[in-house]
Structures are given as structure tokens and as C-alpha cells.
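coords-v1.cif (mmCIF, C-alpha atoms)
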data_my_file
loop_
_atom_site.label_atom_id
_atom_site.label_comp_id
_atom_site.auth_asym_id
_atom_site.auth_seq_id
_atom_site.Cartn_x
_atom_site.Cartn_y
_atom_site.Cartn_z
CA MET N 887 0.00 0.00 0.00
CA THR N 888 1.39 3.37 -0.96
CA ALA N 889 1.73 6.17 1.57
CA MET N 890 -0.92 8.16 -0.29
CA THR N 891 -3.39 5.24 -0.16
CA ALA N 892 -2.74 4.73 3.57
CA LYS N 893 -3.49 8.39 4.29
CA ALA N 894 -6.71 8.24 2.27
CA THR N 895 -7.80 5.11 4.18
CA ALA N 896 -7.08 6.77 7.52
CA ARG N 897 -9.16 9.77 6.54
CA LYS N 898 -12.07 7.52 5.53
CA GLN N 899 -11.94 5.65 8.83
CA LYS N 900 -12.22 8.88 10.85
CA LYS N 901 -15.07 10.40 8.83
CA THR N 902 -18.56 10.23 10.33
CA TRP N 903 -21.06 12.34 8.41
CA SER N 904 -21.28 15.88 7.17
CA LEU N 905 -23.47 17.27 9.97
CA TRP N 906 -21.14 16.08 12.73
CA THR N 907 -18.44 18.72 13.24
CA GLU N 908 -16.46 17.42 16.22
CA ARG N 909 -13.16 15.63 15.62
CA ARG N 910 -14.22 12.41 17.32
CA LEU N 911 -16.63 9.59 16.66
CA PRO N 912 -20.12 10.26 18.05
CA SER N 913 -21.62 7.94 20.62
CA GLU N 914 -24.60 5.80 19.66
CA TYR N 915 -26.80 8.32 21.49
CA GLU N 916 -25.38 11.25 19.52
CA ALA N 917 -25.42 9.41 16.20
CA VAL N 918 -29.19 8.84 16.31
CA THR N 919 -30.08 12.24 17.82
CA TYR N 920 -27.76 15.01 16.61
CA LYS N 921 -29.43 17.57 14.32
CA PHE N 922 -32.35 15.25 13.70
CA HIS N 923 -34.72 18.23 13.50
CA SER N 924 -33.91 19.44 10.01
CA HIS N 925 -37.02 21.65 10.13
CA PHE N 926 -35.79 23.88 12.97
CA ARG N 927 -34.81 27.37 11.78
CA ARG N 928 -35.26 26.26 8.19
CA ALA N 929 -35.86 29.36 6.09
CA PRO N 930 -38.23 30.49 4.79
CA ALA N 931 -40.54 27.88 6.37
CA PRO N 932 -39.93 24.88 8.63
CA PHE N 933 -41.77 22.39 6.44
CA GLU N 934 -41.95 21.98 2.67
CA LEU N 935 -45.26 23.78 2.34
CA SER N 936 -46.24 27.32 1.50
CA GLU N 937 -44.87 29.84 4.00
CA GLY N 938 -48.40 31.00 4.70
CA TRP N 939 -49.75 27.57 5.60
CA SER N 940 -51.00 27.35 9.17
CA ILE N 941 -48.57 24.61 10.23
CA ASN N 942 -45.56 26.70 9.24
CA GLN N 943 -46.96 29.80 10.88
CA PHE N 944 -47.72 27.84 14.05
CA TYR N 945 -44.16 26.57 14.40
CA LEU N 946 -42.62 29.92 13.54
CA LYS N 947 -44.71 31.60 16.22
CA ASN N 948 -44.56 29.03 19.01
CA ARG N 949 -41.12 27.49 18.54
CA GLU N 950 -38.78 29.82 16.66
CA GLY N 951 -40.71 32.79 18.08
CA SER N 952 -40.60 31.65 21.71
CA LYS N 953 -38.69 33.81 24.17
CA PHE N 954 -37.19 30.57 25.46
CA ALA N 955 -34.57 30.57 22.71
CA LEU N 956 -30.87 29.74 22.40
CA ASP N 957 -28.33 29.90 19.61
CA ASP N 958 -27.62 26.20 20.07
CA TRP N 959 -29.97 23.59 21.53
CA GLU N 960 -27.86 20.74 20.15
CA GLY N 961 -25.60 20.87 23.18
CA TYR N 962 -28.29 19.62 25.55
CA ARG N 963 -27.95 16.04 26.76
CA ASP N 964 -30.35 13.70 28.49
CA PRO N 965 -28.61 12.80 31.79
CA ARG N 966 -29.31 9.14 31.01
CA ALA N 967 -28.37 9.45 27.32
CA TYR N 968 -31.40 7.40 26.37
CA THR N 969 -31.80 6.06 22.89
CA TYR N 970 -35.06 4.28 22.07
CA ARG N 971 -33.27 0.94 22.44
CA ARG N 972 -31.91 1.74 25.91
CA TYR N 973 -35.22 3.21 27.08
CA VAL N 974 -37.14 0.09 26.01
CA GLU N 975 -34.61 -2.18 27.71
CA ASP N 976 -34.90 -0.28 31.01
CA GLN N 977 -38.69 -0.05 30.91
CA ARG N 978 -38.99 -3.73 30.05
CA ASP N 979 -37.34 -4.45 33.40
CA ARG N 980 -39.79 -2.13 35.15
CA GLU N 981 -42.76 -3.79 33.46
CA VAL N 982 -41.54 -7.26 34.41
CA TYR N 983 -41.28 -6.06 38.01
CA CYS N 984 -44.83 -4.66 37.96
CA ASP N 985 -46.21 -7.78 36.27
CA ASN N 986 -44.62 -9.96 38.94
CA LEU N 987 -46.04 -7.75 41.69
CA ILE N 988 -49.55 -8.00 40.28
CA ASP N 989 -49.28 -11.76 39.75
CA GLU N 990 -48.14 -12.28 43.33
CA PHE N 991 -50.85 -10.11 44.89
CA GLU N 992 -53.55 -11.66 42.72
CA ARG N 993 -52.35 -15.10 43.81
CA LEU N 994 -52.93 -13.94 47.40
CA ASP N 995 -56.41 -12.66 46.44
CA SER N 996 -55.46 -9.22 47.74
CA TYR N 997 -58.19 -7.22 45.95
CA ARG N 998 -60.93 -8.97 47.93
CA LYS N 999 -59.22 -8.15 51.23
CA LEU N 1000 -59.46 -4.39 50.82
CA SER N 1001 -61.92 -2.56 53.07
CA ARG N 1002 -65.12 -1.06 51.70
CA PRO N 1003 -64.21 2.50 52.84
CA TRP N 1004 -60.91 2.24 50.94
CA LEU N 1005 -62.67 0.94 47.83
CA ASP N 1006 -65.17 3.81 48.08
CA PHE N 1007 -62.28 6.26 48.31
CA LEU N 1008 -60.52 4.74 45.29
CA GLY N 1009 -63.69 4.92 43.24
CA ARG N 1010 -64.26 8.62 43.92
CA HIS N 1011 -60.79 10.07 44.35
CA TYR N 1012 -58.29 7.82 42.59
CA LEU N 1013 -59.60 5.77 39.66
CA PRO N 1014 -60.73 8.84 37.61
CA VAL N 1015 -57.05 9.82 37.51
CA ARG N 1016 -56.70 8.00 34.20
CA PHE N 1017 -58.39 10.99 32.51
CA PRO N 1018 -55.85 13.63 33.63
CA GLY N 1019 -53.24 10.92 33.15
CA HIS N 1020 -54.05 10.83 29.45
CA ALA N 1021 -53.85 14.63 29.39
CA MET N 1022 -50.37 14.41 30.92
CA GLN N 1023 -49.44 12.04 28.11
CA MET N 1024 -50.78 14.51 25.52
CA SER N 1025 -48.87 17.34 27.20
CA ALA N 1026 -45.58 15.45 26.99
CA ALA N 1027 -46.25 14.66 23.34
CA TYR N 1028 -46.83 18.34 22.56
CA VAL N 1029 -43.59 19.53 24.17
CA ALA N 1030 -41.77 16.73 22.36
CA GLN N 1031 -43.26 17.75 19.02
CA MET N 1032 -42.42 21.44 19.46
CA ALA N 1033 -38.97 21.22 21.06
CA PRO N 1034 -36.16 22.70 18.93
CA ALA N 1035 -33.73 19.76 19.11
CA ALA N 1036 -34.12 15.99 19.19
CA PHE N 1037 -31.97 15.89 22.33
CA VAL N 1038 -34.88 17.65 24.07
CA THR N 1039 -37.70 16.06 22.06
CA ASN N 1040 -36.73 12.47 22.85
CA THR N 1041 -36.80 13.01 26.61
CA PHE N 1042 -40.43 14.12 26.37
CA TYR N 1043 -41.41 11.20 24.18
CA PHE N 1044 -39.96 8.94 26.84
CA GLN N 1045 -41.93 10.86 29.50
CA MET N 1046 -45.00 10.35 27.33
CA GLY N 1047 -44.39 6.60 27.37
CA ASN N 1048 -44.03 6.67 31.13
CA GLU N 1049 -47.35 8.50 31.49
CA MET N 1050 -49.02 5.80 29.40
CA ARG N 1051 -47.44 3.12 31.56
CA ARG N 1052 -49.04 4.59 34.67
CA VAL N 1053 -52.46 5.01 33.04
CA GLN N 1054 -52.45 1.40 31.79
CA ARG N 1055 -51.77 0.08 35.28
CA GLN N 1056 -54.51 2.26 36.75
CA ALA N 1057 -57.04 1.08 34.16
CA TYR N 1058 -56.10 -2.55 34.84
CA LEU N 1059 -56.54 -2.05 38.58
CA ALA N 1060 -59.96 -0.49 38.06
CA LYS N 1061 -61.14 -3.60 36.19
CA ALA N 1062 -59.54 -6.02 38.64
CA LEU N 1063 -61.06 -4.27 41.66
CA ALA N 1064 -64.47 -4.26 39.99
CA LEU N 1065 -64.39 -7.96 39.14
CA ASP N 1066 -63.04 -9.19 42.46
CA ASN N 1067 -65.40 -7.09 44.57
CA GLY N 1068 -68.58 -7.28 42.49
CA ARG N 1069 -68.56 -3.50 42.01
CA ALA N 1070 -68.94 -2.81 38.31
CA GLU N 1071 -69.01 0.97 38.89
CA LEU N 1072 -65.29 0.93 39.70
CA ALA N 1073 -64.50 0.05 36.07
CA ASP N 1074 -67.29 2.14 34.53
CA SER N 1075 -65.61 4.72 32.29
CA ASP N 1076 -68.75 6.84 32.10
CA ALA N 1077 -68.95 7.03 35.90
CA ALA N 1078 -65.26 7.90 36.19
CA ARG N 1079 -65.59 10.52 33.46
CA GLY N 1080 -68.55 12.03 35.26
CA LEU N 1081 -66.48 12.44 38.40
CA TRP N 1082 -63.60 13.96 36.43
CA THR N 1083 -65.83 16.49 34.69
CA GLN N 1084 -68.27 17.28 37.52
CA ALA N 1085 -67.00 16.40 41.00
CA PRO N 1086 -65.72 19.51 42.84
CA GLN N 1087 -62.45 17.96 44.03
CA TRP N 1088 -61.27 17.36 40.45
CA GLN N 1089 -62.13 20.73 38.93
CA GLY N 1090 -58.99 22.61 39.97
CA LEU N 1091 -56.79 19.96 38.38
CA ARG N 1092 -59.07 19.82 35.35
CA GLU N 1093 -58.80 23.56 34.77
CA LEU N 1094 -55.02 23.48 35.26
CA ILE N 1095 -54.46 20.60 32.86
CA GLU N 1096 -56.89 21.73 30.18
CA LYS N 1097 -55.38 25.21 30.13
CA GLN N 1098 -51.88 23.76 30.12
CA LEU N 1099 -52.76 21.81 26.98
CA ILE N 1100 -53.32 25.10 25.14
CA ALA N 1101 -50.07 26.72 26.29
CA PHE N 1102 -48.75 26.68 22.73
CA ASP N 1103 -45.43 28.48 23.22
CA TRP N 1104 -43.04 25.56 23.59
CA GLY N 1105 -41.11 27.19 26.43
CA GLU N 1106 -44.23 27.99 28.42
CA ALA N 1107 -45.57 24.51 27.71
CA PHE N 1108 -42.37 23.02 29.17
CA VAL N 1109 -42.43 25.23 32.26
CA SER N 1110 -46.15 24.87 33.00
CA ARG N 1111 -45.96 21.11 32.56
CA ASN N 1112 -42.68 20.17 34.24
CA LEU N 1113 -42.38 22.87 36.90
CA VAL N 1114 -46.03 23.31 37.92
CA VAL N 1115 -48.43 20.57 36.78
CA ARG N 1116 -46.14 17.57 36.96
CA PRO N 1117 -44.63 18.05 40.45
CA ILE N 1118 -48.11 18.62 41.91
CA PHE N 1119 -49.68 15.72 40.02
CA ASP N 1120 -46.83 13.33 40.78
CA HIS N 1121 -46.63 14.19 44.46
CA VAL N 1122 -50.35 13.59 44.95
CA PHE N 1123 -50.71 10.50 42.77
CA ASN N 1124 -47.38 8.88 43.54
CA ALA N 1125 -46.15 9.86 47.00
CA GLU N 1126 -49.41 10.60 48.85
CA ILE N 1127 -51.41 7.80 47.24
CA ALA N 1128 -48.61 5.32 47.99
CA GLY N 1129 -48.65 6.32 51.65
CA LEU N 1130 -52.43 6.13 51.96
CA ALA N 1131 -52.53 2.78 50.16
CA LYS N 1132 -49.98 1.29 52.53
CA ALA N 1133 -51.91 2.59 55.54
CA ASN N 1134 -55.05 0.90 54.21
CA GLY N 1135 -53.51 -2.49 53.51
CA ASP N 1136 -53.28 -1.93 49.75
CA ASP N 1137 -49.63 -2.84 49.43
CA LEU N 1138 -49.89 -3.52 45.69
CA LEU N 1139 -51.01 0.03 44.89
CA SER N 1140 -48.36 1.41 47.23
CA LEU N 1141 -45.55 -0.58 45.60
CA LEU N 1142 -46.67 0.30 42.07
CA HIS N 1143 -46.60 4.02 42.83
CA ASP N 1144 -43.28 3.69 44.58
CA ASP N 1145 -41.98 2.28 41.31
CA PHE N 1146 -43.50 5.11 39.25
CA ARG N 1147 -41.93 7.63 41.62
CA ASN N 1148 -38.49 6.06 41.82
CA TYR N 1149 -38.06 5.57 38.08
CA ASP N 1150 -40.51 7.45 35.82
CA GLU N 1151 -40.91 10.53 37.99
CA ALA N 1152 -37.18 10.59 38.74
CA TYR N 1153 -36.42 10.60 35.00
CA ALA N 1154 -38.66 13.62 34.41
CA VAL N 1155 -37.10 15.46 37.36
CA GLU N 1156 -33.56 14.79 36.11
CA ASN N 1157 -34.34 16.17 32.69
CA THR N 1158 -36.24 19.16 34.04
CA LYS N 1159 -33.27 20.22 36.15
CA ALA N 1160 -30.81 19.51 33.35
CA LEU N 1161 -32.77 21.48 30.73
CA VAL N 1162 -33.23 24.48 33.02
CA SER N 1163 -29.54 24.39 33.92
CA TYR N 1164 -28.50 24.20 30.26
CA ALA N 1165 -30.78 27.05 29.17
CA THR N 1166 -29.96 29.40 32.05
CA GLY N 1167 -26.27 28.58 31.72
CA LYS N 1168 -26.39 29.74 28.10
CA VAL N 1169 -28.63 32.79 28.69
CA ALA N 1170 -28.77 33.98 32.30
CA SER N 1171 -31.90 36.09 31.71
CA HIS N 1172 -33.86 32.92 31.00
CA ALA N 1173 -34.05 32.36 34.77
CA GLY N 1174 -36.31 35.40 35.07
CA LEU N 1175 -38.41 34.27 32.12
CA LEU N 1176 -38.95 30.84 33.67
CA ARG N 1177 -39.81 32.39 37.04
CA ASP N 1178 -42.39 34.62 35.36
CA TRP N 1179 -44.04 31.62 33.73
CA ILE N 1180 -44.04 29.70 37.01
CA GLY N 1181 -45.67 32.69 38.70
CA LYS N 1182 -48.31 32.87 35.98
CA TRP N 1183 -49.32 29.22 36.49
CA ALA N 1184 -48.90 29.10 40.27
CA PRO N 1185 -52.48 30.16 41.21
CA LEU N 1186 -53.99 27.40 39.06
CA GLY N 1187 -51.50 24.93 40.53
CA GLU N 1188 -52.44 25.90 44.07
CA ARG N 1189 -56.16 25.55 43.32
CA ALA N 1190 -55.57 22.09 41.86
CA ALA N 1191 -53.47 21.04 44.85
CA ARG N 1192 -56.10 22.34 47.27
CA GLY N 1193 -58.91 20.33 45.67
CA LEU N 1194 -56.86 17.16 45.49
CA SER N 1195 -55.72 17.55 49.11
CA GLU N 1196 -59.31 17.93 50.29
CA ALA N 1197 -60.19 14.75 48.40
CA LEU N 1198 -57.28 12.77 49.82
CA ALA N 1199 -58.13 13.93 53.34
CA THR N 1200 -61.33 11.84 53.13
CA ALA N 1201 -59.35 8.59 52.88
CA PRO N 1202 -59.30 6.34 55.96
CA GLY N 1203 -56.38 7.35 58.16
CA ALA N 1204 -55.44 10.40 56.07
CA ASP N 1205 -53.82 13.58 57.37
CA SER N 1206 -55.69 16.87 57.26
CA ALA N 1207 -56.31 18.58 53.94
CA GLU N 1208 -54.06 21.45 55.01
CA ALA N 1209 -51.15 19.12 55.80
CA LEU N 1210 -51.56 17.36 52.45
CA PHE N 1211 -51.74 20.71 50.63
CA GLN N 1212 -48.60 22.02 52.33
CA ARG N 1213 -46.63 18.88 51.47
CA THR N 1214 -47.77 19.05 47.85
CA MET N 1215 -46.81 22.68 47.41
CA ALA N 1216 -43.51 22.05 49.21
CA ALA N 1217 -42.71 19.31 46.67
CA GLN N 1218 -43.37 21.69 43.79
CA ALA N 1219 -41.36 24.48 45.43
CA LYS N 1220 -38.44 22.09 46.06
CA LEU N 1221 -38.20 21.20 42.38
CA VAL N 1222 -38.22 24.88 41.41
CA ALA N 1223 -35.51 25.57 43.99
CA ASP N 1224 -33.44 22.59 42.86
CA CYS N 1225 -33.54 24.09 39.36
CA GLY N 1226 -31.97 27.27 40.74
CA LEU N 1227 -35.12 29.30 40.20
#

Represent the supplied structure as C-alpha cells.
Amino acid sequence: MTAMTAKATARKQKKTWSLWTERRLPSEYEAVTYKFHSHFRRAPAPFELSEGWSINQFYLKNREGSKFALDDWEGYRDPRAYTYRRYVEDQRDREVYCDNLIDEFERLDSYRKLSRPWLDFLGRHYLPVRFPGHAMQMSAAYVAQMAPAAFVTNTFYFQMGNEMRRVQRQAYLAKALALDNGRAELADSDAARGLWTQAPQWQGLRELIEKQLIAFDWGEAFVSRNLVVRPIFDHVFNAEIAGLAKANGDDLLSLLHDDFRNYDEAYAVENTKALVSYATGKVASHAGLLRDWIGKWAPLGERAARGLSEALATAPGADSAEALFQRTMAAQAKLVADCGL
């Protein structure tokens, strides 16, 4: 081999692809994520349609036109560097764990051992949660769709999958409880929907979530979801529900929500803190912008937390509504503080 041929071969071996500018080989995570959004800042219109078409105007206004903007979003990294393959592998392990839990508790006939007051509480104040749970899934999908870089987008698609995981388990439990206790109303979707749309304790959360779904600016959608709605929702329906379930002999429900909190919720928290840190590290004034958005959504968040706390206070052995409310708002405030805001 001539010296010239050897040099040419060496150059070929080091080359990745034209979009990758660093003088190193990308990781698997970077290779399937870097500059995937070819439509971001694509002049004169994001998508290959007329500039005046509504889809182009929507993106230009709510993504490129957001105040939550940086010169370079490609530098953000998921703390877990999830690719789809790695995410599915990890969640498969979680699903196997949950399946084994359910199989074991069903073998022990645990659903039939739950008290009537606890079942009544679940029917009114827990099982309708699959409706806002679906809204949380939709919210994650929207932020994913509008985010300016795939490094951000993918984390929200994974959060979307986690939301669906929780809803599926809740729907399964509703049916199992209904069958084992001869109470068909527990699995009646129309009855649960009626509670979600009409019962006073749900209306604060309903207003918060439905308004959050029409926060079209991608930055405001991220903040309202991950710094207001999600910490309140997760604290109530993971931490508080797990504690109440354990106190009422419903160890299966307690263990399932412990799992959602320790893995799915923890993933969302990690990425929330990392994204805020990245954005404020690049543009310090973004901290004020994010605080303003948090302040805008805080009254709705407090109303939602108040209604949910009053509902949870009716559970057998529950703390007072005020204590539950204070713990919920403290959880939300802690996340904001941990983000440096």
C-alpha cells in the first residue's frame, strides 16, 4: 500500500457524516439524535409547504418565536443518554417487576381483602385519575413535538411513554377491583368521566391541565408542565397515594406508585433540572423568564393542589387537607428551587 493510499484510508476511517463537526466519533446516542430536527430554523418555512400555511406559521410563532430561545440547543444532553433501544430495555425491566407484583398479589387474592371505605375512596378520588393521566401524556407529546432539538424532544417522548405506563396500570386495577369485589361501577368509564368532569375535588386539576394543553409556546408549555403541573400531580398521585394505600392495607397500589416515583418521575425530574440548567447557563436572563411563567401558572396549581388535598383527606387514616396541601406545594417548590429558580 502506498503512503498516499494509507493516508486516504485513515481519513475515511475517521469520517462520520457531514453534519457532525467534532473531531471524534459520536456515541450511539449522539449518532441517532444530533441535528435530527432538520425543520428547525429552516428558512423560509420549517416544512416543505407554503410559507403561509397554518402549520408553518404555528411553528414559527410558538417554537422559533418563543422567548425561550438559544443559539444552540444541540448541546443539551439527556442525563441518562437514552436512545429508544436503551429506554425500552430499562422499561422492560420495570414492566416485568410490575407484572410480577400484580401476579403475586392476585395469587394472594389481595383485591378482595381491601376494606369497603378504601374501595369507596378509590372509586371517587383515585380511579378517575386516568383521565388527567391521558392529558399528561398529551402534554408530553406536545412539548416533544415542538422542542427545537431531538436531544430535548426524545426526553419528552420517553416521558409520554411513562405517562401511558401509569395510566395502563390504573385502568387494569380499576377492572380487577371491579371484578373481584362485584362492584362494576369501579370500572365504569362513564362514571369515572362524570367524576372527572363534575366532582368539585377534580375541577382545579381539570382547569389546570386543560389550560396547560393550550399553552402553545413551547417554552411555556415546558415550564407549566414540568415545573407546575407535573410536580403537583406526581406528588399527589405517587407519594401521597402510595402512603395512603400502605396505611389501608393496599400494598400492591403502594408498591406500584413507589416504582413510578423512583423511576418514571425521577427521570422527568432529572431532565427538568438539566434542561433548566442548560438554558440558564447559556442565557442567564432565562431564569427570570422561567420564574415569570411559574408565577403565571402558580395560582392554578395551588387551586388544583387544594382540591386534590381535600379529596385525599377523606381517605381512611389520612392527614388533614391542610397538611396534604402544604406537602404538595412544598414538593413543587423544592423542584423549582433545585432548578436554581

Can you work out which one of N:Ser996, N:Asn1134, N:Gln1054, N:Asn1157 has the shortest atom-to-atom distance to Val1038 in chain N, counting all atoms listed in the file? N:Asn1157

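The closest residue to Asn948 in chain N, picked from N:Gly961, N:Gly1068, N:Gly1105, N:Gly1174 and counting all atoms listed in the file, is N:Gly1105.
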
Neighbour list for Ala1062 in chain N as a list in words, cut-off 10 Å, all atoms listed in the file, skip fewer than 6 positions in-chain: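 Non-adjacent residues within range: Glu992, Tyr997, Arg998, Gln1056, Gly1068, Arg1069, Ala1070, Leu1072 and Ala1073 of chain N.
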
Writer output for current selection, C-alpha atoms, as an mmCIF file, in the coordinates of the input:
data_model
loop_
_atom_site.group_PDB
_atom_site.id
_atom_site.type_symbol
_atom_site.label_atom_id
_atom_site.label_comp_id
_atom_site.auth_asym_id
_atom_site.auth_seq_id
_atom_site.Cartn_x
_atom_site.Cartn_y
_atom_site.Cartn_z
ATOM 1 C CA GLU N 992 -53.550 -11.660 42.720
ATOM 2 C CA TYR N 997 -58.190 -7.220 45.950
ATOM 3 C CA ARG N 998 -60.930 -8.970 47.930
ATOM 4 C CA GLN N 1056 -54.510 2.260 36.750
ATOM 5 C CA GLY N 1068 -68.580 -7.280 42.490
ATOM 6 C CA ARG N 1069 -68.560 -3.500 42.010
ATOM 7 C CA ALA N 1070 -68.940 -2.810 38.310
ATOM 8 C CA LEU N 1072 -65.290 0.930 39.700
ATOM 9 C CA ALA N 1073 -64.500 0.050 36.070
#

With the PyMOL selection byres ((chain N and resi 1172) around 12) as the selection, what would be picked from this file? Answer as number ranges by chain, please. N: 952-956, 1105-1106, 1109, 1161-1171, 1173-1179, 1226-1227

Could those selected residues go to a file with C-alpha atoms, as a PDB file, keeping the file's coordinate frame?
ATOM      1  CA  SER N 952     -40.600  31.650  21.710  1.00  0.00           C
ATOM      2  CA  LYS N 953     -38.690  33.810  24.170  1.00  0.00           C
ATOM      3  CA  PHE N 954     -37.190  30.570  25.460  1.00  0.00           C
ATOM      4  CA  ALA N 955     -34.570  30.570  22.710  1.00  0.00           C
ATOM      5  CA  LEU N 956     -30.870  29.740  22.400  1.00  0.00           C
ATOM      6  CA  GLY N1105     -41.110  27.190  26.430  1.00  0.00           C
ATOM      7  CA  GLU N1106     -44.230  27.990  28.420  1.00  0.00           C
ATOM      8  CA  VAL N1109     -42.430  25.230  32.260  1.00  0.00           C
ATOM      9  CA  LEU N1161     -32.770  21.480  30.730  1.00  0.00           C
ATOM     10  CA  VAL N1162     -33.230  24.480  33.020  1.00  0.00           C
ATOM     11  CA  SER N1163     -29.540  24.390  33.920  1.00  0.00           C
ATOM     12  CA  TYR N1164     -28.500  24.200  30.260  1.00  0.00           C
ATOM     13  CA  ALA N1165     -30.780  27.050  29.170  1.00  0.00           C
ATOM     14  CA  THR N1166     -29.960  29.400  32.050  1.00  0.00           C
ATOM     15  CA  GLY N1167     -26.270  28.580  31.720  1.00  0.00           C
ATOM     16  CA  LYS N1168     -26.390  29.740  28.100  1.00  0.00           C
ATOM     17  CA  VAL N1169     -28.630  32.790  28.690  1.00  0.00           C
ATOM     18  CA  ALA N1170     -28.770  33.980  32.300  1.00  0.00           C
ATOM     19  CA  SER N1171     -31.900  36.090  31.710  1.00  0.00           C
ATOM     20  CA  ALA N1173     -34.050  32.360  34.770  1.00  0.00           C
ATOM     21  CA  GLY N1174     -36.310  35.400  35.070  1.00  0.00           C
ATOM     22  CA  LEU N1175     -38.410  34.270  32.120  1.00  0.00           C
ATOM     23  CA  LEU N1176     -38.950  30.840  33.670  1.00  0.00           C
ATOM     24  CA  ARG N1177     -39.810  32.390  37.040  1.00  0.00           C
ATOM     25  CA  ASP N1178     -42.390  34.620  35.360  1.00  0.00           C
ATOM     26  CA  TRP N1179     -44.040  31.620  33.730  1.00  0.00           C
ATOM     27  CA  GLY N1226     -31.970  27.270  40.740  1.00  0.00           C
ATOM     28  CA  LEU N1227     -35.120  29.300  40.200  1.00  0.00           C
TER      29      LEU N1227
END

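On the file presented, the PyMOL selection byres ((chain N and resi 1118-1125) around 7) picks out Val1114, Val1115, Arg1116, Pro1117, Glu1126, Ile1127, Ala1128, Gly1129, His1143, Asp1144, Phe1146, Arg1147, Ala1191, Thr1214, Met1215, Ala1217 and Gln1218 of chain N.
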
When you draw a straight line from CA of Arg980 in chain N to CA of Arg1052 in chain N, how long is it in Å? 11.4 Å

Which of N:Glu1096, N:Glu981, N:Asp958, N:Asp989 sits closest to Met1022 in chain N [using all atoms listed in the file]: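 Closest to Met1022 in chain N of all the choices is N:Glu1096.
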
I'd like the interatomic distance between CA of Val1015 in chain N and CA of Ala1078 in chain N, to a tenth of an Å. 8.5 Å

Would you mind telling me which residue in N:Ala1064, N:Ala967, N:Asp995, N:Gln1098 lies nearest to Lys1182 in chain N when using all atoms listed in the file? N:Gln1098

Could you tell me which of N:Asp1066, N:Asp1076, N:Glu1151, N:Asp979 comes closest to Phe1017 in chain N if we count only C-alpha atoms?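 For Phe1017 in chain N, the nearest of the candidates is N:Asp1076.
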
Quick check, in Å to one decimal: how far apart do CA of Gly1181 in chain N and CA of Pro1034 in chain N lie?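 Interatomic distance, CA of Gly1181 in chain N to CA of Pro1034 in chain N: 24.1 Å.
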
Set the distance at 8 Å and use all atoms listed in the file: which residues neighbour range 1088-1092 of chain N once local chain neighbours fewer than 6 positions away are removed? I'd like the list as a ChimeraX atom specification. /N:1018,1081-1082,1186-1187,1189-1194

Apply the PyMOL selection byres ((chain N and resi 1024-1027) around 10) to the displayed file and report the matching residues as a ChimeraX atom specification. /N:1018-1023,1028-1032,1039-1050,1095-1096,1098-1101,1107-1108,1110-1112

Compile the contact shell of Trp1004 in chain N as a PDB file with C-alpha atoms, keeping the file's coordinate frame: residues with an atom at most 7 Å away, counting all atoms listed in the file, same-chain residues fewer than 2 positions apart removed.
ATOM      1  CA  LEU N1000     -59.460  -4.390  50.820  1.00  0.00           C
ATOM      2  CA  SER N1001     -61.920  -2.560  53.070  1.00  0.00           C
ATOM      3  CA  ARG N1002     -65.120  -1.060  51.700  1.00  0.00           C
ATOM      4  CA  ASP N1006     -65.170   3.810  48.080  1.00  0.00           C
ATOM      5  CA  PHE N1007     -62.280   6.260  48.310  1.00  0.00           C
ATOM      6  CA  LEU N1008     -60.520   4.740  45.290  1.00  0.00           C
ATOM      7  CA  ASN N1134     -55.050   0.900  54.210  1.00  0.00           C
ATOM      8  CA  ALA N1201     -59.350   8.590  52.880  1.00  0.00           C
ATOM      9  CA  PRO N1202     -59.300   6.340  55.960  1.00  0.00           C
TER      10      PRO N1202
END

Give the answer as one residue: which of N:Ala917, N:Asn942, N:Glu1196, N:Leu935 has the shortest atom-to-atom distance to Glu1208 in chain N, using all atoms listed in the file?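 Selected residue with least distance to Glu1208 in chain N: N:Glu1196.
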
Residue contacts of range 925-929 of chain N (10 Å, only C-alpha atoms) excluding same-chain residues fewer than 4 positions away, as a ChimeraX atom specification: /N:921,933-934,937,942,945-946,949-950,1032-1035
